[in-house]
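Chemist: One structure is given below, represented as structure tokens, and several questions about it will come after.
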There are 2 protein chains.
Amino acid sequence: MAEILHLQDTVSGATFAPTQAEYFNPAIGQVATFDVLYDYEQLRATLDRDRLKANPNRGMWRYRELLPLAPDAPVPPLAVGGTPLYEAPRLAQALGLSQAWVKDDGANPTASLKDRASSMVVALAMSRGITTVSTASTGNAAAALAGVGASLHQAMEIVIFVPSSAPIAKIAQLLVYGARVVLVKGTYDQAFDLCYDVCLEKGWYCRNTGINPYTTEGKKTVSFEIAEQLHWQVPDVVVVSVGDGSIIGGIHKGFVELYQLGWTTKVPRLIGVQAQGSSPLVQAWQDHIDGTDMQPIAVSTLADSISAGLPRDRMKALRAVRSTQGAFVAVTDAEIVETIPTFARLTGVFAEPSSSVIYAGIERAIQLGYIHSEESVVFVSTGNGLKDVARAQQSVTQNGLLVEPDLDSVLKAINQAW
Amino acid sequence: MAEILHLQDTVSGATFAPTQAEYFNPAIGQVATFDVLYDYEQLRATLDRDRLKANPNRGMWRYRELLPLAPDAPVPPLAVGGTPLYEAPRLAQALGLSQAWVKDDGANPTASLKDRASSMVVALAMSRGITTVSTASTGNAAAALAGVGASLHQAMEIVIFVPSSAPIAKIAQLLVYGARVVLVKGTYDQAFDLCYDVCLEKGWYCRNTGINPYTTEGKKTVSFEIAEQLHWQVPDVVVVSVGDGSIIGGIHKGFVELYQLGWTTKVPRLIGVQAQGSSPLVQAWQDHIDGTDMQPIAVSTLADSISAGLPRDRMKALRAVRSTQGAFVAVTDAEIVETIPTFARLTGVFAEPSSSVIYAGIERAIQLGYIHSEESVVFVSTGNGLKDVARAQQSVTQNGLLVEPDLDSVLKAINQAW
């Protein structure tokens with residue numbers, strides 16, 4: 001395991017022992033969750049990346065020596081992580097890049113990268129004897145927490161706070177897993193705050209994005225996998241979609257830690273893609289605004305998983321891009337929809353809109369000169385297209401070939417059409 | 001690779017060289033696809049199960065020495081197979097079994113076990129220089145073929161035949177992957193026959209279930225994985241849902257081959273679960289009717305992936321159950337829907353209705369004395385619940401807890417309700 005050196009407030013730099021504070025610096029408030037920091041000098045001296053070769057575990061717990069969990073602590077059984085990294089020559093060619101790969105994190109058990117965060121948080125709850133974990137979300141984070149919870153051999157209560165206006169189908173999935181669902185007559189932000197307050201009141205563990213610092217620890221494992229799958233040759237650029245900013249923050253931490261351990265020789269430039277209707281981080285990055293100075297804005301995009309007016313993990317997201325000389329770019333909703341089949345056809349990976357958006361994002365980034373043709377790029381696909389089949393349906397403009405049910409008609413139609 | 005000894009007609013026992021016939025014995029017709037048979041004595045003498053430990057490939061191609069593909073032949077990049085086998089103590093307890101595991105094949109790239117068959121068939125097409133592969137299906141097989149095709153580094157045409165009445169959302173998924181879709185103004189059976197006829201006419205490779213014998217070769221890899229994941233201790237019973245019967249046939253062949261190789265000491269009893277409204281195999285098995293004598297019946301069930309009035313792979317399905325002293329059982333549509341949350345809550349695996357049906361099936365099999373409490377059982381979950389979220393929605397009877405957006409109201413409501 002990685003022994004925690006301290007929790008560090010990303011705003012003030014103040015440090016805390018893990019027993020002193022839980023989620024964020026109380027003097028600063030919910031602007032940013034802690035960085036969970038380790039003694040990297042010591043880890044560097046004791047750990048060896050080549051020892052991983054003998055580890056039969058292909059999932060995220062393969063890297064448990066870099067996670068804050070005792071060696072004998074049980075972990076949720078759900079097989080999270082170990083997702084494929086596909087070389088994508090046709091994708092590269094279409095974009096004029098020399099090399100491209102797709103990290104398909106939609107292949108996780110509940111079909112999104114969020115499984116990594118939920119698995120980490122539930123493992124911590126188990127090790128602390130906590131029996132209820134709660135989050136506010138209607139989307140991937142909630143499904144991940146409900147699924148991870150249902151997989152445990154000893155039951156744990158999962159409580160999900162959602163605005164009562166949330167789509168019934170998304171709530172149904174949580175109920176299928178046996179999660180308890182609190183339908184708040186209010187906004188998502190109200191559900192978020194109530195979840196946190198109830199957790200404090202009841203002693204539940206709060207998994208909220210932007211509250212719980214260990215979600216970053218789970219998410220960083222995607223970078224460990226990318227690096228190992230590329231035989232520790234880090235790509236020039238990693239691109240991912242951004243809403244609350246917690247995934248890009250986690251990806252960044254993963255690559256920074258590998259560099260600090262001496263397992264890799266660089267940290268890739270990170271490019272975050274937002275929907276134009278929900279792009280406060282693009283704005284803040286362009287205008288050189290600090291995360292602490294960002295104000296909530298009204299947002300509207302069909303890519304619901306990346307819709308956030310005041311990104312909860314804005315400090316970590318801005319740092320990820322700024323410190324790597326990366327960029328934030330925005331793409332329109334029309335581009336997001338078009339991108340679903342483009343991405344699927346070039347890679348075989350059917351991604352949800354909030355995820356396939358990276359294709360249009362890279363096009364934009366290339367146009368703007370943020371990426372050059374000789375560079376190697378990893379696309380992190382964060383969610384499976386089966387999460388939003390209705391949108392996929394909207395994305396295909398051609399239909400099938402309608403034919404009469406006899407061989408001659410079919411052959412004639414096929415020969416004419418193709 | 002496994003050199004093919006011959007293709008054997010399951011009805012007459014007649015054998016053919018792979019160059020002599022493609023799909024089935026022309027003298028018998030489409031009653032049954034060939035068995036693809038190898039020289040097991042030779043394989044037994046040359047292969048060693050322990051050598052697998054050094055194989056870094058976790059997917060189905062891990063077993064390519066038992067598949068009919070040259071060692072240097074390229075395979076589709078999609079990461080098919082290598083799905084988790086979860087120990088499920090709470091599932092076992094709920095059913096009064098001593099040990100239960102869930103093989104989660106919904107974790108495959110296009111979210112069903114059919115990826116194994118499509119990947120095998122496309123690999124064969126590639127090795128033969130065939131540039132178009134076609135199938136008739138609206139469901140998992142079509143999505144699998146379209147996805148596998150889209151993942152290739154050198155483009156291959158995928159043509160899917162569907163009845164024009166097929167749900168638009170299912171067709172959309174195929175179009176997203178770039179497959180060509182032929183909408184036949186007729187029944188599924190007409191689309192099926194037209195697909196086969198057009199393949200013959202155009203020199204396309206036909207992947208149809210019950211036509212192409214190599215789908216079984218792909219599907220058998222799920223048994224190889226189960227056995228290896230259990231350290232070659234084969235369970236007493238394997239249970240799986242059955243429509244056309246090709247999956248249970250593939251599972252059977254996998255376990256038989258391992259036994260013939262001397263890698264395992266028994267073949268598990270196979271229990272096939274059908275929907276009551278589509279249970280011709282239950283009937284044939286109970287009435288001791290041969291596959292060749294089965295007649296098409298009218299069927300109706302909400303579990304569309306296992307709806308089949310004259311199962312296309314009936315010979316192999318009946319043989320799988322009869323030769324292992326297994327059983328076929330039927331469950332009602334109401335039980336199928338109820339089972340979705342039951343299965344998810346006990347395992348963390350969200351399965352589609354055609355797959356979660358196995359839970360109700362095992363309950364029935366235990367009642368009928370086909371399974372005993374001291375036996376170990378593997379449940380093969382064939383498809384992901386995200387394939388049919390609408391049905392999952394129908395399956396949950398309780399709703400969330402509706403609350404006013406203030407802390408006092410929430411706490412009061414929670415304390416009262418739970």
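Note on naming: chains are A, B, ... as they come in the structure tokens, residues start from 1 per chain, ligands start from 1 in the order shown.
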Within 7 Å of chain B, which residues of chain A show up when using only C-alpha atoms, listed as a ChimeraX atom specification?

Modeler: /A:79,84,89-90,107,109,147-148,150-151,153,169,172-173,175-178,180-186,190,194,341,344-348,386-387,389-390,392-393,396,400-405,407

Chemist: Can you write just those residues out, C-alpha atoms, as an mmCIF file, in the first residue's frame?

Modeler:
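Okay, this is what ended up in result13.cif:
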```
data_model
loop_
_atom_site.group_PDB
_atom_site.id
_atom_site.type_symbol
_atom_site.label_atom_id
_atom_site.label_comp_id
_atom_site.auth_asym_id
_atom_site.auth_seq_id
_atom_site.Cartn_x
_atom_site.Cartn_y
_atom_site.Cartn_z
ATOM 1 C CA ALA A 79 -13.834 -6.395 -11.971
ATOM 2 C CA PRO A 84 -8.515 -2.371 -23.335
ATOM 3 C CA PRO A 89 -4.602 3.454 -37.068
ATOM 4 C CA ARG A 90 -7.756 4.408 -38.962
ATOM 5 C CA ALA A 107 -15.786 -1.532 -20.889
ATOM 6 C CA PRO A 109 -18.649 -3.310 -15.265
ATOM 7 C CA GLY A 147 -23.209 -1.590 -8.946
ATOM 8 C CA VAL A 148 -20.078 -1.766 -6.828
ATOM 9 C CA ALA A 150 -24.396 -4.719 -5.041
ATOM 10 C CA SER A 151 -21.316 -6.814 -5.789
ATOM 11 C CA HIS A 153 -20.247 -10.213 -0.299
ATOM 12 C CA ALA A 169 -34.784 5.049 -16.714
ATOM 13 C CA ALA A 172 -34.551 2.482 -12.468
ATOM 14 C CA GLN A 173 -31.014 1.260 -12.990
ATOM 15 C CA LEU A 175 -33.130 0.612 -8.025
ATOM 16 C CA VAL A 176 -32.325 -2.570 -9.965
ATOM 17 C CA TYR A 177 -29.012 -2.705 -8.097
ATOM 18 C CA GLY A 178 -30.901 -2.258 -4.825
ATOM 19 C CA ARG A 180 -31.848 3.517 -1.942
ATOM 20 C CA VAL A 181 -32.819 6.580 -3.907
ATOM 21 C CA VAL A 182 -33.734 9.956 -2.415
ATOM 22 C CA LEU A 183 -35.718 12.064 -4.886
ATOM 23 C CA VAL A 184 -35.110 15.701 -3.971
ATOM 24 C CA LYS A 185 -37.749 18.197 -5.107
ATOM 25 C CA GLY A 186 -35.128 20.620 -6.315
ATOM 26 C CA GLN A 190 -29.608 21.043 -3.910
ATOM 27 C CA LEU A 194 -28.244 17.650 0.891
ATOM 28 C CA PRO A 341 -20.845 7.103 -35.520
ATOM 29 C CA ALA A 344 -17.506 3.986 -33.606
ATOM 30 C CA ARG A 345 -16.693 3.342 -37.257
ATOM 31 C CA LEU A 346 -13.032 4.257 -36.910
ATOM 32 C CA THR A 347 -12.410 2.287 -33.729
ATOM 33 C CA GLY A 348 -15.150 -0.283 -33.032
ATOM 34 C CA LEU A 386 -25.408 1.753 -24.549
ATOM 35 C CA LYS A 387 -25.895 4.361 -21.804
ATOM 36 C CA VAL A 389 -29.019 4.603 -27.267
ATOM 37 C CA ALA A 390 -31.628 7.253 -28.051
ATOM 38 C CA ALA A 392 -27.082 7.194 -31.009
ATOM 39 C CA GLN A 393 -30.307 6.744 -32.929
ATOM 40 C CA VAL A 396 -27.302 8.132 -37.854
ATOM 41 C CA GLY A 400 -31.156 0.657 -43.999
ATOM 42 C CA LEU A 401 -32.031 -0.553 -47.493
ATOM 43 C CA LEU A 402 -35.723 -1.469 -47.651
ATOM 44 C CA VAL A 403 -36.364 -4.554 -49.816
ATOM 45 C CA GLU A 404 -39.117 -6.960 -50.817
ATOM 46 C CA PRO A 405 -38.654 -10.443 -49.356
ATOM 47 C CA LEU A 407 -33.915 -12.994 -53.656
#
```

Chemist: Can you pull out every residue from region 148-227 of chain A that DSSP, working from the backbone, puts in strand (DSSP E or B), and format the result as a list of chain:residue names?

Modeler: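 Those in region 148-227 of chain A that DSSP calls strand (DSSP E or B) are A:Glu157, A:Ile158, A:Val159, A:Ile160, A:Phe161, A:Val162, A:Pro163, A:Arg180, A:Val181, A:Val182, A:Leu183, A:Val184, A:Tyr205, A:Cys206.
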
Chemist: Set the distance at 8 Å and use only C-alpha atoms: which residues neighbour Val240 (chain B) once local chain neighbours fewer than 2 positions away are removed? I'd like the list as JSON, numbers by chain.

Modeler: {"B": [238, 242, 248, 270, 271, 272, 273, 355, 358, 379, 380, 381, 382]}

Chemist: Using Å and a single decimal, report how far CA of Ser376 (chain B) sits from CA of Ala360 (chain B).

Modeler: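 We find that CA of Ala360 (chain B) and CA of Ser376 (chain B) lie 16.8 Å from each other.
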
Chemist: How many Å separate CA of Asp48 (chain B) from CA of Val377 (chain B)?

Modeler: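 Computing the Euclidean distance for CA of Asp48 (chain B) and CA of Val377 (chain B) yields 26.2 Å.
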
Chemist: Which residues, written as an MDAnalysis selection string, have at least one atom at most 12 Å from Ile251 (chain A), with only C-alpha atoms counted and residues fewer than 4 positions away on the same chain left out?

Modeler: chainID A and resid 103 113 116:117 215:227 237:242 245:247 255:258 267:272 316:317 319:321 324 378:380 382

Chemist: So how far away is CA of Phe34 (chain A) from CA of Ser279 (chain A), in Å?

Modeler: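 It comes out at 23.7 Å.
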